[in-house]
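Report on the following structure.
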Amino acid sequence: MFTGIDEVDWASLRHAYGSAEDVPGLLRGLASADAAEREVALDGMYGSVHHQGQVYDSTLACVPFLFALASRAEVRDRGAIVELLISIGAESAGPPAQAAVRAGAEAFVPLAEDACPGVRRAAAGALVRFLGEPARVLEVLRRRVSAERDEQVLAALTAALGLFVRSCPAQAAGAVELLAAQSEPPYAPGTRLAALGQLALGAPERLPADLVPTAVGLLRERSQRRAAGPERAEADTLVGRIRRLRPSDEEGSYLLRTLHRGLDDRVADRIALLVGQLSSPDAMDRCNAVRMSAGLFREWRADFTVPVTLIGTQLGRDEDQLRDAAVSVLAELFGLAAPAADELHALVVARPDLWVHAWERGRPSLGGPLKGLARSGDVRAVPVLGQLLARPVAPGGLGFEVVHLGPAAAPLAPALRHRLGQVPLDSPEAAELAAPLLAALTALADTAAVPEVLRLLRGAPDGLGARDALVGQAVRTLDVLGAAARAAAPVLRRLLDTRHAAAAAGALWSAEGDVDVVLPVLLRELTFGRSRSARTAAEQLGRLGTAGRDALPALRRLAGSGRAGERTAAAQALWRIEGDPEPVLPVFRSAWAENPYTRGAIAECLATMGPAGAPLHDLVTAELATARRHTARPGGYGSHDIAQDEQLLANCRKAALASR
């Protein structure tokens, strides 16, 4: 196994933490008869030699020895060694690593037929990834599928066939036929589900017409078999104890996630499948369904009333794990959680101990059930939030959730002001404490909060790191309070020569309406300020209306250059100042396509333009017809702010009506 290991100059090679002179010890540890020693060695390989997927020269030097270890029957846990080789040769690791593993890939052929199920399970996918002989690979997989009796290995073979279909499309027909056969009786329900998932990913045309009822039925049958089978024995380790306390069905979760991933934009089928999962009599199936529902809600637009309602029903169950999963999902849905509001409220009433979540360190935060209720916009959250504000220590971030309750949260304003007045200005945490309170008072437009906001501006010590953040937040609040903040004018004027100049000028305009004071400042920031300051200046200039006409040349220049966000802000200001759509609409169209994050502001402006925005009617109608959320990318990547996307859709509907 280790022939030549001492001839390698390991000290000259490197891994994540420097010299690789310890690597021979790790390799020998993988061959140890002691399980703990093998585990430490494997941790060391992933922790330094293959740290976070990185490949070093020492990693490449290990590959021949790892193949030798994997091929020796007396070595324990060889499946983990094969998995390490697969990870080292992954596409993301780069050509040298891939070439190193491919050079030894012949070893995966006998390993695919090894006596150890763990080795066979790992080797199945390795064959497809590295052997480079499609016909031979398919023949090995075909032989193993017909001979294999271990269900976990059979699941790995099914996944390998799916990978083969996607990797070798020219030779995929045989693999597709094998998958189609596996999706039918007499194969076990888990194997059939796995085959359906792989067909969805690589050959969706071969899926049965009754896919959803078939998949739901197989899930139920699989769950019944699992419940009737012997209980899994967990090792007396930390992981084993955690698994006993919080049991899971990782294989079942993987099977359904794969099927959902394969169905991709077939959202109606995915909703129907999710409803079937959530209606299962098996708690673990429902828990898996709740957890995977989050990805569907974040990425896609649809009527989710039925699945959200079913998730709400999980809140009344006795299973803590299921309830916690449901709360976690609902708290991120904002207004979409409304169908579950009654269940959230019932949980809040029944479990005051869940109002606040205490952390080992730091301030407590708002508990999930109450957060979900507030974010859904349900006014029944207001009295409970009021009770929390009356406590000596209120949960951090509470004010941010008040924002979602709108004017119904007005009774909370006195307590919010009181809290803001108690923020210690000499504390490094001052900005963190003040931010949620300011957000809430801003949303409520609470004019009585001016003294407390002024205290922040006047009292925060110079040189404190949090001062700049405090100032920016306080100025935004004063801007919303309008003429009621006239007493803040002297303080705002002193900010006109700081980095907060554009925001302060906007607040001064709201308080006093003196264009002679604010216009020169905004022009300066628009022309000479940094990107963010120029964008803020453009936004504030638009509020001046015709009084900002002197800024039109500078706004036209900004609208024709710069980043999409700056161009959008300048175009909005042009419309609001002179009401001419001709220079504005081309900017909107290009920014809309270039940067999806500009669409919210553009749609909001189009909704005010009426028929003048008609030439962009195609953009808003296309957005309304698009199933994927505007900042999500295929595969579930990208930003997933559901509330922002729902607001974009609302503005698009208004714009579509206004342009008719």
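The chains in the structure tokens are called A, B, ... from first to last as shown; in each chain the residues are counted from 1, and the ligands are counted from 1 in the order shown.
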Helix (DSSP H, G or I) residues, from DSSP on the backbone, in stretch 244-359 of chain A, as a PyMOL selection string | chain A and resi 244-245+250-263+267-278+283-299+305-316+320-330+334-350+352-354
Long-range neighbours of A:Ala569 as a list in words, 7 Å cut-off, only C-alpha atoms, 5 positions minimum in chain | Arg535, Ala538 and Glu539 of chain A
Excluding same-chain residues fewer than 4 positions from stretch 251-257 of chain A, what lies within 8 Å of it counting only C-alpha atoms, as a ChimeraX atom specification?
-> /A:190,193-194,197,261,285,288-289,292
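Of the listed residues (A:Ala483, A:Val518, A:Leu263, A:Val393), A:Val518 comes nearest to A:Asp497; the distances count only C-alpha atoms.
Considering the residues A:Pro451, A:Gly579, A:Pro64, A:Gly406 and counting only C-alpha atoms, A:Ala484 has its shortest atom-to-atom contact with A:Pro451.
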If you count only C-alpha atoms, which residues fall within 9 Å of A:Gly372, apart from same-chain ones fewer than 3 positions away, as a list in words?
-> Val327, Ser328, Val329, Leu330, Ala331, Glu332, Leu333, Phe334, Ala337, Ala341, Leu344, Gly367, Gly368, Pro369, Arg375, Ser376, Gly377 and Glu401 of chain A
Next, write the just-selected residues to a file, as a short mmCIF file (atom, residue, chain, number, x, y, z; two decimals), in the first residue's frame, keeping N, CA and C atoms as the atom set.
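Saved the output as part-v3.cif:
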data_model
loop_
_atom_site.label_atom_id
_atom_site.label_comp_id
_atom_site.auth_asym_id
_atom_site.auth_seq_id
_atom_site.Cartn_x
_atom_site.Cartn_y
_atom_site.Cartn_z
N VAL A 327 -42.12 26.51 11.42
CA VAL A 327 -41.95 27.91 11.85
C VAL A 327 -40.85 28.58 11.04
N SER A 328 -39.74 27.87 10.85
CA SER A 328 -38.60 28.43 10.11
C SER A 328 -39.00 28.82 8.69
N VAL A 329 -39.77 27.98 8.02
CA VAL A 329 -40.19 28.27 6.65
C VAL A 329 -41.18 29.42 6.62
N LEU A 330 -42.19 29.38 7.48
CA LEU A 330 -43.23 30.40 7.48
C LEU A 330 -42.67 31.78 7.79
N ALA A 331 -41.66 31.85 8.64
CA ALA A 331 -41.10 33.15 9.02
C ALA A 331 -40.40 33.84 7.86
N GLU A 332 -40.07 33.09 6.80
CA GLU A 332 -39.40 33.68 5.65
C GLU A 332 -40.35 33.96 4.49
N LEU A 333 -41.63 33.71 4.68
CA LEU A 333 -42.59 33.89 3.58
C LEU A 333 -43.26 35.25 3.59
N PHE A 334 -43.16 35.99 4.68
CA PHE A 334 -43.78 37.32 4.78
C PHE A 334 -45.27 37.20 4.46
N ALA A 337 -47.30 33.93 3.99
CA ALA A 337 -47.63 33.06 5.13
C ALA A 337 -49.04 33.31 5.66
N ALA A 341 -51.71 32.06 9.14
CA ALA A 341 -51.68 33.04 10.23
C ALA A 341 -52.45 32.56 11.45
N LEU A 344 -50.25 30.20 13.28
CA LEU A 344 -49.15 30.93 13.92
C LEU A 344 -49.65 31.63 15.18
N GLY A 367 -38.77 35.34 18.67
CA GLY A 367 -39.03 33.94 18.36
C GLY A 367 -39.69 33.77 17.01
N GLY A 368 -39.47 32.60 16.40
CA GLY A 368 -39.96 32.35 15.05
C GLY A 368 -41.46 32.47 14.87
N PRO A 369 -42.31 31.90 15.77
CA PRO A 369 -43.75 32.02 15.56
C PRO A 369 -44.24 33.46 15.55
N ARG A 375 -44.54 39.26 10.31
CA ARG A 375 -44.14 39.42 8.90
C ARG A 375 -45.29 39.15 7.95
N SER A 376 -46.24 38.34 8.37
CA SER A 376 -47.40 38.09 7.52
C SER A 376 -48.35 39.28 7.50
N GLY A 377 -48.09 40.29 8.36
CA GLY A 377 -48.93 41.47 8.42
C GLY A 377 -50.15 41.31 9.31
N GLU A 401 -39.46 43.92 12.44
CA GLU A 401 -40.68 43.16 12.17
C GLU A 401 -41.92 44.05 12.28
#
A:Ala564 surroundings by only C-alpha atoms, 6 Å radius, close-in-sequence under 2 positions cut, as a ChimeraX atom specification = /A:566-567,591
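Proximity ranking of A:Asp378, A:Asp618, A:Asp210, A:Asp645 relative to A:Ala408 places A:Asp378 first, based on only C-alpha atoms.
By only C-alpha atoms, and with residues fewer than 4 positions from A:Ala195 along its chain excluded, the set lying at most 8 Å from it is Thr158, Ala159, Gly162, Leu179, Ala180, Gln182, Ser183, Thr191 and Leu199 of chain A.
A straight line drawn from atom CA of A:Ile311 to atom CA of A:Thr258 is 20.9 Å long.
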Can you work out the spacing between atom CA of A:Arg286 and atom CA of A:Leu347 in Å, to one decimal?
-> 18.6 Å
For A:Arg494, which residue among A:Val471, A:Arg38, A:Leu370, A:Glu177 is the nearest when counting only C-alpha atoms?
-> A:Val471
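Here atom CA of A:Ser293 and atom CA of A:Leu259 stand 12.8 Å from one another.
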